[in-house]
Every structure is written in structure tokens, then in C-alpha cells.
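J.: Dropping in entry18.cif, with mmCIF, C-alpha atoms.
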```cif
data_my_file
#
loop_
_atom_site.label_atom_id
_atom_site.label_comp_id
_atom_site.auth_asym_id
_atom_site.auth_seq_id
_atom_site.Cartn_x
_atom_site.Cartn_y
_atom_site.Cartn_z
CA MET A 1 234.64 -88.71 -8.86
CA ARG A 2 232.37 -90.26 -11.26
CA ARG A 3 229.34 -89.45 -9.19
CA ILE A 4 230.32 -85.86 -8.73
CA GLY A 5 230.83 -85.44 -12.43
CA LYS A 6 227.37 -86.78 -13.17
CA THR A 7 225.76 -84.43 -10.72
CA ALA A 8 227.62 -81.49 -12.17
CA LEU A 9 226.50 -82.48 -15.65
CA LEU A 10 222.81 -82.60 -14.63
CA ALA A 11 223.13 -79.21 -12.98
CA ALA A 12 224.73 -77.76 -16.08
CA LEU A 13 221.97 -79.21 -18.30
CA SER A 14 219.34 -77.79 -15.97
CA VAL A 15 220.82 -74.32 -16.22
CA ALA A 16 221.07 -74.65 -19.97
CA PHE A 17 217.44 -75.68 -20.35
CA ALA A 18 216.39 -72.85 -18.03
CA CYS A 19 218.20 -70.35 -20.19
CA GLU A 20 216.54 -71.61 -23.33
CA LYS A 21 212.96 -71.40 -21.97
CA ILE A 22 210.83 -69.14 -24.18
CA VAL A 23 208.16 -66.99 -22.49
CA THR A 24 205.46 -65.58 -24.81
CA VAL A 25 203.70 -62.43 -23.63
CA THR A 26 200.45 -61.55 -25.35
CA GLU A 27 199.53 -57.87 -25.31
CA THR A 28 195.80 -57.13 -25.37
CA VAL A 29 194.73 -53.78 -26.81
CA THR A 30 191.17 -52.59 -26.16
CA GLU A 31 189.78 -50.26 -28.83
CA THR A 32 187.17 -47.71 -27.71
CA VAL A 33 184.50 -46.85 -30.33
CA THR A 34 182.20 -43.82 -29.86
CA VAL A 35 178.76 -44.22 -31.43
CA LYS A 36 176.54 -41.17 -31.98
CA ASP A 37 172.83 -41.52 -31.25
CA THR A 38 170.66 -41.49 -34.34
CA VAL A 39 167.14 -40.00 -34.14
CA THR A 40 164.62 -40.96 -36.81
CA ILE A 41 161.85 -38.42 -37.44
CA THR A 42 158.72 -39.66 -39.12
CA ASP A 43 156.43 -37.11 -40.73
CA THR A 44 152.77 -37.42 -39.76
CA VAL A 45 150.29 -36.56 -42.49
CA VAL A 46 146.75 -35.73 -41.44
CA GLU A 47 144.22 -36.27 -44.20
CA LYS A 48 140.78 -34.66 -44.11
CA ASP A 49 137.83 -36.94 -44.61
CA THR A 50 136.43 -36.56 -48.07
CA VAL A 51 132.98 -37.09 -49.47
CA GLU A 52 132.66 -38.84 -52.79
CA THR A 53 130.51 -36.54 -54.85
CA THR A 54 129.75 -36.27 -58.52
CA ALA A 55 129.98 -32.69 -59.74
CA PRO A 56 126.43 -31.56 -60.50
CA VAL A 57 127.66 -28.95 -62.99
CA PRO A 58 130.87 -29.67 -64.94
CA ALA A 59 131.52 -25.95 -65.33
CA LEU A 60 131.95 -25.44 -61.59
CA PRO A 61 135.57 -24.51 -60.84
CA SER A 62 138.18 -26.83 -59.43
CA TRP A 63 136.40 -30.15 -58.95
CA GLY A 64 139.83 -31.61 -58.51
CA ASN A 65 142.84 -31.32 -56.26
CA SER A 66 142.87 -27.58 -55.58
CA PRO A 67 140.42 -26.44 -52.88
CA VAL A 68 137.69 -23.99 -53.80
CA ARG A 69 137.57 -21.08 -51.36
CA ILE A 70 134.03 -19.99 -50.46
CA GLY A 71 133.35 -16.51 -49.09
CA LEU A 72 130.01 -15.66 -47.51
CA ILE A 73 128.33 -12.39 -46.58
CA GLY A 74 124.91 -12.29 -44.96
CA ASP A 75 122.77 -11.52 -41.95
CA SER A 76 121.71 -13.61 -38.94
CA ILE A 77 120.70 -16.62 -41.08
CA SER A 78 124.34 -17.10 -42.09
CA THR A 79 125.96 -16.57 -38.68
CA PHE A 80 127.46 -18.98 -36.19
CA ALA A 81 129.48 -17.97 -33.14
CA GLY A 82 133.19 -18.67 -33.44
CA TRP A 83 133.12 -18.59 -37.25
CA LEU A 84 132.88 -14.80 -37.68
CA PRO A 85 135.31 -11.88 -37.44
CA GLU A 86 135.82 -10.45 -33.97
CA GLY A 87 132.99 -8.19 -32.87
CA TYR A 88 130.40 -9.56 -35.28
CA VAL A 89 127.02 -10.44 -33.75
CA ALA A 90 125.86 -14.05 -34.17
CA PHE A 91 122.34 -15.44 -33.95
CA TYR A 92 123.38 -19.10 -34.01
CA PRO A 93 123.72 -21.39 -32.12
CA ASN A 94 120.10 -20.98 -31.07
CA SER A 95 118.16 -23.70 -29.26
CA ALA A 96 114.78 -22.27 -30.29
CA SER A 97 115.69 -22.59 -33.97
CA GLY A 98 116.97 -26.14 -33.62
CA ILE A 99 120.39 -25.17 -34.99
CA GLN A 100 122.96 -25.70 -32.28
CA GLU A 101 125.90 -27.14 -34.23
CA VAL A 102 127.72 -25.42 -37.08
CA GLU A 103 127.35 -28.59 -39.15
CA GLN A 104 123.60 -27.86 -39.29
CA THR A 105 123.97 -24.51 -41.06
CA TYR A 106 123.24 -24.38 -44.78
CA TRP A 107 126.65 -22.93 -45.68
CA HIS A 108 128.69 -25.44 -43.68
CA ARG A 109 126.74 -28.32 -45.19
CA LEU A 110 127.28 -26.93 -48.67
CA ILE A 111 131.01 -26.33 -48.28
CA TYR A 112 132.05 -29.37 -46.25
CA ASP A 113 129.45 -32.01 -47.15
CA LEU A 114 128.31 -31.35 -50.70
CA MET A 115 131.46 -29.93 -52.29
CA PRO A 116 134.31 -32.44 -52.41
CA ASP A 117 137.17 -29.94 -52.33
CA ALA A 118 135.93 -26.69 -50.76
CA VAL A 119 136.95 -24.67 -47.70
CA LEU A 120 135.52 -21.56 -46.06
CA ASP A 121 137.42 -18.42 -47.03
CA ARG A 122 135.69 -16.06 -44.57
CA ASN A 123 132.17 -15.68 -43.18
CA LEU A 124 131.16 -12.01 -43.03
CA ALA A 125 127.65 -12.61 -41.68
CA PHE A 126 126.37 -10.14 -39.07
CA SER A 127 122.98 -10.41 -37.36
CA ALA A 128 120.27 -7.79 -38.04
CA THR A 129 122.20 -6.06 -40.82
CA ARG A 130 120.84 -4.79 -44.14
CA LEU A 131 121.97 -4.10 -47.68
CA ALA A 132 120.69 -0.53 -47.49
CA LYS A 133 121.54 1.94 -44.75
CA ILE A 134 118.58 3.68 -43.08
CA GLY A 135 120.39 6.36 -41.10
CA THR A 136 119.96 5.00 -37.57
CA GLU A 137 123.71 5.15 -36.86
CA ASP A 138 123.47 2.09 -34.64
CA ASN A 139 125.84 -0.89 -34.62
CA TYR A 140 123.82 -2.62 -37.33
CA ASP A 141 123.53 0.33 -39.68
CA LYS A 142 127.27 0.94 -39.36
CA ASN A 143 127.91 -2.63 -40.44
CA ASP A 144 125.82 -2.81 -43.60
CA PHE A 145 126.96 -5.25 -46.30
CA VAL A 146 129.05 -2.78 -48.30
CA THR A 147 130.85 -1.47 -45.20
CA ARG A 148 131.90 -5.00 -44.25
CA ILE A 149 133.45 -5.54 -47.66
CA ASP A 150 135.31 -2.23 -47.32
CA LEU A 151 136.57 -2.75 -43.76
CA VAL A 152 137.18 -6.52 -43.54
CA GLY A 153 136.51 -8.27 -46.83
CA PHE A 154 137.59 -11.76 -47.83
CA ASP A 155 140.97 -13.39 -48.16
CA ASP A 156 141.17 -14.95 -51.64
CA PRO A 157 137.74 -16.31 -52.60
CA ASP A 158 136.84 -18.32 -55.70
CA ILE A 159 133.12 -18.06 -54.98
CA VAL A 160 131.16 -15.55 -52.88
CA LEU A 161 127.66 -16.25 -51.59
CA ILE A 162 125.46 -13.22 -50.91
CA HIS A 163 122.51 -13.90 -48.64
CA GLY A 164 120.89 -10.55 -47.84
CA GLY A 165 117.62 -8.67 -47.78
CA THR A 166 116.08 -10.36 -44.75
CA ASN A 167 116.24 -7.23 -42.61
CA ASP A 168 115.67 -4.78 -45.45
CA ARG A 169 112.10 -6.08 -45.67
CA ARG A 170 111.26 -4.72 -42.21
CA ALA A 171 113.49 -1.68 -42.00
CA SER A 172 110.87 0.95 -42.78
CA THR A 173 107.18 1.47 -43.49
CA PRO A 174 105.03 0.31 -45.08
CA THR A 175 106.88 -2.94 -45.84
CA HIS A 176 110.60 -2.50 -46.50
CA VAL A 177 113.37 -0.10 -47.46
CA ILE A 178 112.91 1.97 -50.58
CA LEU A 179 113.92 0.01 -53.67
CA GLY A 180 115.25 2.93 -55.72
CA ASP A 181 117.13 2.66 -59.01
CA TYR A 182 119.78 0.08 -59.88
CA GLY A 183 122.43 2.54 -61.05
CA TYR A 184 124.39 0.00 -63.07
CA ASP A 185 126.32 2.67 -64.96
CA LYS A 186 126.92 5.11 -62.12
CA PRO A 187 130.36 5.49 -60.49
CA LEU A 188 130.59 3.57 -57.22
CA GLU A 189 130.75 6.71 -55.12
CA GLU A 190 127.48 7.94 -56.63
CA LEU A 191 125.43 4.86 -55.83
CA ASP A 192 122.76 5.58 -53.22
CA ARG A 193 123.57 3.50 -50.15
CA TYR A 194 120.12 4.27 -48.69
CA ARG A 195 118.26 2.39 -51.43
CA PHE A 196 118.08 -1.38 -51.73
CA ARG A 197 118.83 -1.90 -55.41
CA SER A 198 121.76 0.52 -55.69
CA SER A 199 123.23 -0.83 -52.42
CA TYR A 200 123.11 -4.36 -53.79
CA VAL A 201 124.71 -3.22 -57.06
CA CYS A 202 127.39 -1.38 -55.07
CA LEU A 203 128.10 -4.55 -53.11
CA VAL A 204 128.56 -6.83 -56.12
CA ARG A 205 130.64 -4.28 -57.99
CA LYS A 206 132.99 -3.85 -55.04
CA ILE A 207 133.36 -7.63 -54.70
CA MET A 208 134.16 -8.00 -58.42
CA GLU A 209 136.62 -5.11 -58.25
CA LYS A 210 138.48 -6.40 -55.17
CA TYR A 211 138.53 -10.06 -56.26
CA PRO A 212 138.89 -10.29 -60.05
CA GLY A 213 137.50 -13.49 -61.53
CA VAL A 214 135.41 -14.37 -58.46
CA LYS A 215 132.11 -16.21 -59.01
CA ILE A 216 129.15 -14.65 -57.22
CA VAL A 217 125.99 -16.51 -56.23
CA CYS A 218 122.93 -14.52 -55.10
CA ILE A 219 120.70 -16.25 -52.54
CA ILE A 220 117.06 -15.19 -52.31
CA GLY A 221 116.00 -16.06 -48.78
CA ASP A 222 112.75 -17.80 -47.92
CA THR A 223 111.51 -14.72 -46.04
CA LEU A 224 111.54 -12.82 -49.35
CA ASN A 225 109.69 -15.49 -51.31
CA THR A 226 106.30 -14.21 -50.29
CA GLU A 227 103.78 -12.01 -52.04
CA LYS A 228 104.42 -9.17 -49.59
CA TYR A 229 108.16 -8.99 -50.29
CA GLN A 230 108.32 -10.33 -53.82
CA ASP A 231 109.64 -7.02 -55.18
CA LEU A 232 112.77 -7.44 -53.05
CA ALA A 233 113.26 -10.97 -54.36
CA ASP A 234 112.65 -9.80 -57.93
CA SER A 235 115.22 -7.03 -57.48
CA ILE A 236 117.90 -9.51 -56.43
CA LYS A 237 117.03 -11.73 -59.40
CA ALA A 238 117.22 -8.76 -61.79
CA ILE A 239 120.68 -7.77 -60.51
CA ALA A 240 121.94 -11.34 -60.77
CA ASP A 241 120.61 -11.65 -64.31
CA HIS A 242 122.21 -8.33 -65.27
CA TYR A 243 125.67 -9.57 -64.26
CA GLY A 244 125.14 -13.19 -65.26
CA PHE A 245 125.21 -14.54 -61.69
CA PRO A 246 123.36 -17.70 -60.73
CA THR A 247 120.64 -17.37 -58.08
CA VAL A 248 119.52 -19.81 -55.42
CA SER A 249 115.96 -19.37 -54.17
CA PHE A 250 115.25 -20.69 -50.67
CA THR A 251 111.65 -21.56 -49.87
CA TYR A 252 109.91 -22.91 -46.81
#
```
Take the structure in the file and write it out as C-alpha cells.

T.:
Amino acid sequence: MRRIGKTALLAALSVAFACEKIVTVTETVTETVTVKDTVTITDTVVEKDTVETTAPVPALPSWGNSPVRIGLIGDSISTFAGWLPEGYVAFYPNSASGIQEVEQTYWHRLIYDLMPDAVLDRNLAFSATRLAKIGTEDNYDKNDFVTRIDLVGFDDPDIVLIHGGTNDRRASTPTHVILGDYGYDKPLEELDRYRFRSSYVCLVRKIMEKYPGVKIVCIIGDTLNTEKYQDLADSIKAIADHYGFPTVSFTY
């Protein structure tokens, strides 16, 4: 009896302990986070090489941060293929002349090497063309200097270089086109386009009218700085002096 009771007691205790057993359940929750891709864009700034230059004349415009826009109108001496309006005839590059790169031309050297803040506005050079018309009705006579200003012109120039007269010196006998009168006070439509002086005056007046405030520089080419053609050179100088333009005289 005693043994049976003890066994029953142990069984009862076992059941009791079993009932009191605590089971802990841990619940794991996985959180999903969505991350958006972030793209960083870095601006690339391209800076043009600059040349440190001291302004030779303090009165020259914009020797500072704003670029000076240079327009150019001329004949073959001022041409270079790829730098002219479509359809314009270029003499350079030319292996016989020694000028085969645009960096060798006088105007490119001036604008991009000697001026610290200049850019080309537009090059209106056209080979074999003249200031004065001579009535041949060929491609060159139809593209005289004044016609190019009327039909194409510049964009927004601060300075315009005029380099003409080279072909006027050999356009007729005995030495060059007829000089004629200047016609400073005549209406534009009355200026004689078949005379050198009045054609040049017509050109500068049209440039001043179309681009108010523009600075004009008259270039006297080396082919005119000879005794035979000195009257052409003197005519350009007289026109420049009349309007207060500076002149640049090229010599050999």
C-alpha cells in the first residue's frame, strides 16, 4: 500500500510539473525596405585656353569678361575654307602660299592669339571680289563687298575689319577701277557702285546703319602699298579719316 501510494504521488507530481511548463515562442518579423536608386550628375565645364595679354590700347572695348565679336569682310587674302558662308570661294588653304592651317591667317592670329577675349562673328571673305562692280555679271561681280553685306551680313559684331581693294587694282585698264567721287553726303541709293571710292563709302555706311555702335577698322593691303596703286591706298585712308576709323597698313 505504501509503495503504491508513493508511485501514485510521483506520477501526480510529474503531471503537475508537465502542466506548469512554460513554452516561449518568439515571432520574427522581417521588414522589407525599398531603396530608390540615386543618380548624381556632375556638370562638366570646358574652359577655352586663354592668352595673357596686356591691352595695347586702353580704349579698346571689352578687355574683360565679355567676348569681343569680330566681323571680317575681304577678298582671297582673308579666306579659309570651312570658315566662310556656304557658296563662298576660298583661296586658302594653299600650299604654294605656305598657309595651310587657319591658325596661320592674319585674322585668326589677331582674334584668337593677340586678343584675350575675342571671337569671330562671321567671315564674309570671298576670293577675287572687289569693292566696285565692273559690270561683268560673273560670280565675283555679283558678290561685291556691298552685296555681301546686304544678302548675308554679320551677326552682332563689336568690330568689323574691312580688307579690300586687292582686286580693284587690276579690274580695268590702265591700272585699276575708276576712283570716282566719295559721295559722303549722297543718299545710299545714289552712290555709284561702279566707282571705288563711292563703293567703299557705301559699304561703311551700310555697316554703320545695320550695326549701330560698331567699330570699323580699314586695312590697306600690302598690294596697294606701292607707287603704282598708291591712289587706292590713299582713298581708303581718306575715307577712314573722314569717319574717324583707324587704319592698319600692311607692307611686305

J.: Please indicate the distance in Å from atom CA of A:Lys210 to atom CA of A:Phe154, rounded to one decimal place.

T.: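 Atom CA of A:Lys210 sits 9.1 Å away from atom CA of A:Phe154.
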
J.: So which residues touch A:Trp83 within 12 Å, counting all atoms listed in the file, skipping near sequence neighbours fewer than 4 positions away, as a list in words?

T.: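 Within the cut-off, the hits are Leu72, Ser78, Thr79, Gly87, Tyr88, Val89, Ala90, Phe91, Tyr92, Pro93, Glu101, Val102, Glu103, Thr105, Trp107, His108, Leu120, Asp121, Arg122, Asn123, Leu124, Ala125 and Phe126 of chain A.
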
J.: Using the selection just defined, write its residues with C-alpha atoms as a short mmCIF file (atom, residue, chain, number, x, y, z; two decimals), in the frame of the given file.

T.:
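Contents of the output file again30.cif:
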```cif
data_model
loop_
_atom_site.label_atom_id
_atom_site.label_comp_id
_atom_site.auth_asym_id
_atom_site.auth_seq_id
_atom_site.Cartn_x
_atom_site.Cartn_y
_atom_site.Cartn_z
CA LEU A 72 130.01 -15.66 -47.51
CA SER A 78 124.34 -17.10 -42.09
CA THR A 79 125.96 -16.57 -38.68
CA GLY A 87 132.99 -8.19 -32.87
CA TYR A 88 130.40 -9.56 -35.28
CA VAL A 89 127.02 -10.44 -33.75
CA ALA A 90 125.86 -14.05 -34.17
CA PHE A 91 122.34 -15.44 -33.95
CA TYR A 92 123.38 -19.10 -34.01
CA PRO A 93 123.72 -21.39 -32.12
CA GLU A 101 125.90 -27.14 -34.23
CA VAL A 102 127.72 -25.42 -37.08
CA GLU A 103 127.35 -28.59 -39.15
CA THR A 105 123.97 -24.51 -41.06
CA TRP A 107 126.65 -22.93 -45.68
CA HIS A 108 128.69 -25.44 -43.68
CA LEU A 120 135.52 -21.56 -46.06
CA ASP A 121 137.42 -18.42 -47.03
CA ARG A 122 135.69 -16.06 -44.57
CA ASN A 123 132.17 -15.68 -43.18
CA LEU A 124 131.16 -12.01 -43.03
CA ALA A 125 127.65 -12.61 -41.68
CA PHE A 126 126.37 -10.14 -39.07
#
```

J.: With distances taken over all atoms listed in the file, which of A:Ser95, A:Val214, A:Phe80, A:Pro116 is nearest to A:Phe245?

T.: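 Of all the options, A:Val214 lies closest to A:Phe245.
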
J.: Atom CA of A:Cys202 to atom CA of A:Asp141: how many Å, to one decimal?

T.: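 Distance between the two atoms: 16.0 Å.
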
J.: Assuming the chain letters and numbering stay as they are in my file, what does the PyMOL selection byres ((chain A and resi 164) around 8) actually select? List them as a PyMOL selection string.

T.: chain A and resi 73-75+130-131+162-163+165-167+219-221

J.: Using all atoms listed in the file, find the one residue out of A:Thr147, A:Asn225, A:Ser66, A:Ser76 that sits nearest to A:Leu203.

T.: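 Checking each candidate against A:Leu203, we get A:Thr147 as the closest.
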
J.: Of the residues A:Val217, A:Leu179, A:Met208, A:Leu191, which is the one nearest to A:Asp234, using only C-alpha atoms?

T.: A:Leu179

J.: In the coordinates of the file, take the point (124.4, 0.7, -43.8) and a cut-off of 9 Å; then, counting all atoms listed in the file, name each qualifying protein, DNA or RNA residue as an MDAnalysis selection string.

T.: chainID A and resid 129:137 140:147 193:194 199

J.: Please produce an output containing C-alpha atoms for each residue in the selection, written as a PDB file, keeping the file's coordinate frame.

T.:
```
ATOM      1  CA  THR A 129     122.200  -6.060 -40.820  1.00  0.00           C
ATOM      2  CA  ARG A 130     120.840  -4.790 -44.140  1.00  0.00           C
ATOM      3  CA  LEU A 131     121.970  -4.100 -47.680  1.00  0.00           C
ATOM      4  CA  ALA A 132     120.690  -0.530 -47.490  1.00  0.00           C
ATOM      5  CA  LYS A 133     121.540   1.940 -44.750  1.00  0.00           C
ATOM      6  CA  ILE A 134     118.580   3.680 -43.080  1.00  0.00           C
ATOM      7  CA  GLY A 135     120.390   6.360 -41.100  1.00  0.00           C
ATOM      8  CA  THR A 136     119.960   5.000 -37.570  1.00  0.00           C
ATOM      9  CA  GLU A 137     123.710   5.150 -36.860  1.00  0.00           C
ATOM     10  CA  TYR A 140     123.820  -2.620 -37.330  1.00  0.00           C
ATOM     11  CA  ASP A 141     123.530   0.330 -39.680  1.00  0.00           C
ATOM     12  CA  LYS A 142     127.270   0.940 -39.360  1.00  0.00           C
ATOM     13  CA  ASN A 143     127.910  -2.630 -40.440  1.00  0.00           C
ATOM     14  CA  ASP A 144     125.820  -2.810 -43.600  1.00  0.00           C
ATOM     15  CA  PHE A 145     126.960  -5.250 -46.300  1.00  0.00           C
ATOM     16  CA  VAL A 146     129.050  -2.780 -48.300  1.00  0.00           C
ATOM     17  CA  THR A 147     130.850  -1.470 -45.200  1.00  0.00           C
ATOM     18  CA  ARG A 193     123.570   3.500 -50.150  1.00  0.00           C
ATOM     19  CA  TYR A 194     120.120   4.270 -48.690  1.00  0.00           C
ATOM     20  CA  SER A 199     123.230  -0.830 -52.420  1.00  0.00           C
TER      21      SER A 199
END
```

J.: Could you work out how far atom CA of A:Val177 lies from atom CA of A:Arg195, giving the answer in Å with one decimal?

T.: 6.8 Å

J.: Mind working out the centre and edge lengths of an axis-aligned box for stretch 225-236 of chain A, all listed atoms inside, 4 Å added to each side, rounded to one decimal in Å and written as AutoDock Vina command-line options?

T.:
```
--center_x 110.8 --center_y -11.3 --center_z -53.8 --size_x 22.1 --size_y 16.5 --size_z 16.3
```

J.: What's around A:Thr226 at 12 Å? Count all atoms listed in the file, leave out sequence neighbours fewer than 6 positions away in its own chain, and write the answer as a PyMOL selection string.

T.: chain A and resi 166+169+220+232-234+249-252

J.: Would you mind exporting C-alpha atoms of the selected residues as an mmCIF file, in the frame of the given file?

T.:
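Just written: result_24.cif:
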```
data_model
loop_
_atom_site.group_PDB
_atom_site.id
_atom_site.type_symbol
_atom_site.label_atom_id
_atom_site.label_comp_id
_atom_site.auth_asym_id
_atom_site.auth_seq_id
_atom_site.Cartn_x
_atom_site.Cartn_y
_atom_site.Cartn_z
ATOM 1 C CA THR A 166 116.080 -10.360 -44.750
ATOM 2 C CA ARG A 169 112.100 -6.080 -45.670
ATOM 3 C CA ILE A 220 117.060 -15.190 -52.310
ATOM 4 C CA LEU A 232 112.770 -7.440 -53.050
ATOM 5 C CA ALA A 233 113.260 -10.970 -54.360
ATOM 6 C CA ASP A 234 112.650 -9.800 -57.930
ATOM 7 C CA SER A 249 115.960 -19.370 -54.170
ATOM 8 C CA PHE A 250 115.250 -20.690 -50.670
ATOM 9 C CA THR A 251 111.650 -21.560 -49.870
ATOM 10 C CA TYR A 252 109.910 -22.910 -46.810
#
```

J.: Check what the PyMOL selection byres ((chain A and resi 201) around 8) selects in the file above and give those residues as a list of chain:residue names.

T.: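 When the PyMOL selection byres ((chain A and resi 201) around 8) is applied, the selected residues are A:Tyr182, A:Gly183, A:Tyr184, A:Arg197, A:Ser198, A:Ser199, A:Tyr200, A:Cys202, A:Leu203, A:Val204, A:Arg205, A:Ile239.
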
J.: Let me see the file: selected residues, C-alpha atoms, as a short mmCIF file (atom, residue, chain, number, x, y, z; two decimals), keeping the file's coordinate frame.

T.:
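Ended up saving to selection-v2.cif:
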```cif
data_model
loop_
_atom_site.label_atom_id
_atom_site.label_comp_id
_atom_site.auth_asym_id
_atom_site.auth_seq_id
_atom_site.Cartn_x
_atom_site.Cartn_y
_atom_site.Cartn_z
CA TYR A 182 119.78 0.08 -59.88
CA GLY A 183 122.43 2.54 -61.05
CA TYR A 184 124.39 0.00 -63.07
CA ARG A 197 118.83 -1.90 -55.41
CA SER A 198 121.76 0.52 -55.69
CA SER A 199 123.23 -0.83 -52.42
CA TYR A 200 123.11 -4.36 -53.79
CA CYS A 202 127.39 -1.38 -55.07
CA LEU A 203 128.10 -4.55 -53.11
CA VAL A 204 128.56 -6.83 -56.12
CA ARG A 205 130.64 -4.28 -57.99
CA ILE A 239 120.68 -7.77 -60.51
#
```

J.: Measuring between all atoms listed in the file, which one of A:Met115, A:Leu188, A:Ile99, A:Ile149 shows the shortest distance to A:Tyr211?

T.: A:Ile149

J.: Looking at all atoms listed in the file, which of A:Leu151, A:Val160, A:Ala96, A:Ala128 is the one that sits closest to A:Ile111?

T.: A:Val160

J.: Between A:Cys218, A:Asp168, A:Thr223, A:Gly71, which one has atoms that come closest to A:Asp241, using all atoms listed in the file?

T.: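 That would be A:Cys218, the residue with the smallest distance to A:Asp241.
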